[in-house]
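A short write-up of the structure that comes next.
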Amino acid sequence: MSDSDTPVVSAVSGTRSGSVTVRATEHGLPIGIVIDERELRYGGGALASTILDHCVRASAAARAQRRTLLAEDGVPTEVLDRLGLPTRARVSAEANADLAQDSAPTSWLKQV
């Protein structure tokens with residue numbers, strides 16, 4: 001199987017409010033970004049930081065998906081660990097830790 005035959009694995013990460021959503025590959029390459037225009041009020045630096053943070057989170061989730069695919073193909077756990085591919089449990093635990101540090105939105109209501 002050549003590199004061109006390897007399916008691209010990607011995942012999505014976004015803010016609690018859904019105002020910024022990033023789809024990234026397992027290599028950290030963002031392949032889709034959706035930004036609610038209200039996010040622009042925070043300035044370019046804050047927005048860039050948010051995008052990069054969610055790119056990292058989406059990349060970790062995609063790497064966990066890759067691990068699952070390789071495990072299903074019979075790759076031993078020891079090899080997956082040496083490749084540095086995280087488990088879904090580890091990615092979830094890290095996401096929960098990150099959420100605990102994030103400030104909650106001021107409102108759960110979306111403007112219509």
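Every chain in the structure tokens takes a letter, A first, then B, and so on in the order presented; its residues are numbered from 1, and the ligands are numbered from 1 following the presented order.
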
List as an MDAnalysis selection string the protein and nucleic acid residues near stretch 82-96 of chain A, meaning an atom at most 12 Å away when only C-alpha atoms are counted, but skip any in the same chain fewer than 3 places from it. chainID A and resid 11 13:16 26:27 53:54 56:71 75:79 99:102

How about saving the chosen residues, C-alpha atoms kept, as a short mmCIF file (atom, residue, chain, number, x, y, z; two decimals), in the first residue's frame?
data_model
loop_
_atom_site.label_atom_id
_atom_site.label_comp_id
_atom_site.auth_asym_id
_atom_site.auth_seq_id
_atom_site.Cartn_x
_atom_site.Cartn_y
_atom_site.Cartn_z
CA ALA A 11 -11.28 14.73 13.55
CA SER A 13 -12.63 19.96 17.82
CA GLY A 14 -14.48 23.12 18.74
CA THR A 15 -15.25 25.58 21.46
CA ARG A 16 -18.03 24.80 23.94
CA GLU A 26 -3.64 13.27 12.41
CA HIS A 27 -0.56 15.28 11.41
CA ASP A 53 -5.53 24.87 20.37
CA HIS A 54 -8.42 23.13 18.64
CA VAL A 56 -3.99 20.24 18.39
CA ARG A 57 -7.06 18.68 20.04
CA ALA A 58 -8.49 17.52 16.69
CA SER A 59 -5.11 16.11 15.69
CA ALA A 60 -4.91 14.07 18.91
CA ALA A 61 -8.40 12.68 18.28
CA ALA A 62 -7.44 11.79 14.70
CA ARG A 63 -4.29 10.00 15.93
CA ALA A 64 -6.47 8.01 18.33
CA GLN A 65 -8.67 7.06 15.37
CA ARG A 66 -5.57 5.96 13.45
CA ARG A 67 -4.56 3.82 16.43
CA THR A 68 -7.96 2.15 16.41
CA LEU A 69 -7.73 1.46 12.66
CA LEU A 70 -4.24 -0.02 12.98
CA ALA A 71 -5.29 -2.14 15.98
CA VAL A 75 -0.90 -4.08 14.74
CA PRO A 76 0.30 -5.01 18.26
CA THR A 77 -0.31 -2.60 21.14
CA GLU A 78 3.43 -2.32 21.80
CA VAL A 79 3.99 -1.01 18.28
CA LEU A 99 -12.38 21.74 29.60
CA ALA A 100 -11.95 22.03 33.34
CA GLN A 101 -9.50 24.89 32.75
CA ASP A 102 -11.64 26.65 30.11
#

As a PyMOL selection string, please: all residues of chain A that backbone DSSP puts in alpha helix (DSSP H). chain A and resi 44-72+77-82+88-101

Could the residues in this selection be written to a file with C-alpha atoms, as a CSV table (one decimal), in the first residue's frame?
chain,number,residue,atom,x,y,z
A,44,GLY,CA,-6.7,38.1,15.8
A,45,GLY,CA,-4.3,36.9,18.5
A,46,ALA,CA,-7.0,35.3,20.6
A,47,LEU,CA,-8.7,33.8,17.6
A,48,ALA,CA,-5.4,32.3,16.3
A,49,SER,CA,-4.7,30.8,19.7
A,50,THR,CA,-8.1,29.3,19.8
A,51,ILE,CA,-7.7,27.8,16.3
A,52,LEU,CA,-4.3,26.4,17.1
A,53,ASP,CA,-5.5,24.9,20.4
A,54,HIS,CA,-8.4,23.1,18.6
A,55,CYS,CA,-6.2,22.0,15.8
A,56,VAL,CA,-4.0,20.2,18.4
A,57,ARG,CA,-7.1,18.7,20.0
A,58,ALA,CA,-8.5,17.5,16.7
A,59,SER,CA,-5.1,16.1,15.7
A,60,ALA,CA,-4.9,14.1,18.9
A,61,ALA,CA,-8.4,12.7,18.3
A,62,ALA,CA,-7.4,11.8,14.7
A,63,ARG,CA,-4.3,10.0,15.9
A,64,ALA,CA,-6.5,8.0,18.3
A,65,GLN,CA,-8.7,7.1,15.4
A,66,ARG,CA,-5.6,6.0,13.5
A,67,ARG,CA,-4.6,3.8,16.4
A,68,THR,CA,-8.0,2.1,16.4
A,69,LEU,CA,-7.7,1.5,12.7
A,70,LEU,CA,-4.2,0.0,13.0
A,71,ALA,CA,-5.3,-2.1,16.0
A,72,GLU,CA,-8.2,-3.5,13.9
A,77,THR,CA,-0.3,-2.6,21.1
A,78,GLU,CA,3.4,-2.3,21.8
A,79,VAL,CA,4.0,-1.0,18.3
A,80,LEU,CA,1.1,1.5,18.6
A,81,ASP,CA,2.6,2.7,21.8
A,82,ARG,CA,6.0,3.1,20.3
A,88,ARG,CA,-9.3,7.3,22.8
A,89,ALA,CA,-9.4,7.2,26.6
A,90,ARG,CA,-6.2,9.3,26.9
A,91,VAL,CA,-7.5,11.8,24.4
A,92,SER,CA,-10.8,12.0,26.3
A,93,ALA,CA,-9.1,12.5,29.6
A,94,GLU,CA,-6.9,15.3,28.2
A,95,ALA,CA,-10.0,17.0,26.7
A,96,ASN,CA,-11.8,16.8,30.0
A,97,ALA,CA,-8.8,18.3,31.8
A,98,ASP,CA,-8.7,21.1,29.2
A,99,LEU,CA,-12.4,21.7,29.6
A,100,ALA,CA,-12.0,22.0,33.3
A,101,GLN,CA,-9.5,24.9,32.8

Which residue, A:Ala24, A:Asp73, A:Ile31, A:Leu40, has the smallest gap to A:Val12 when you use only C-alpha atoms? A:Ala24
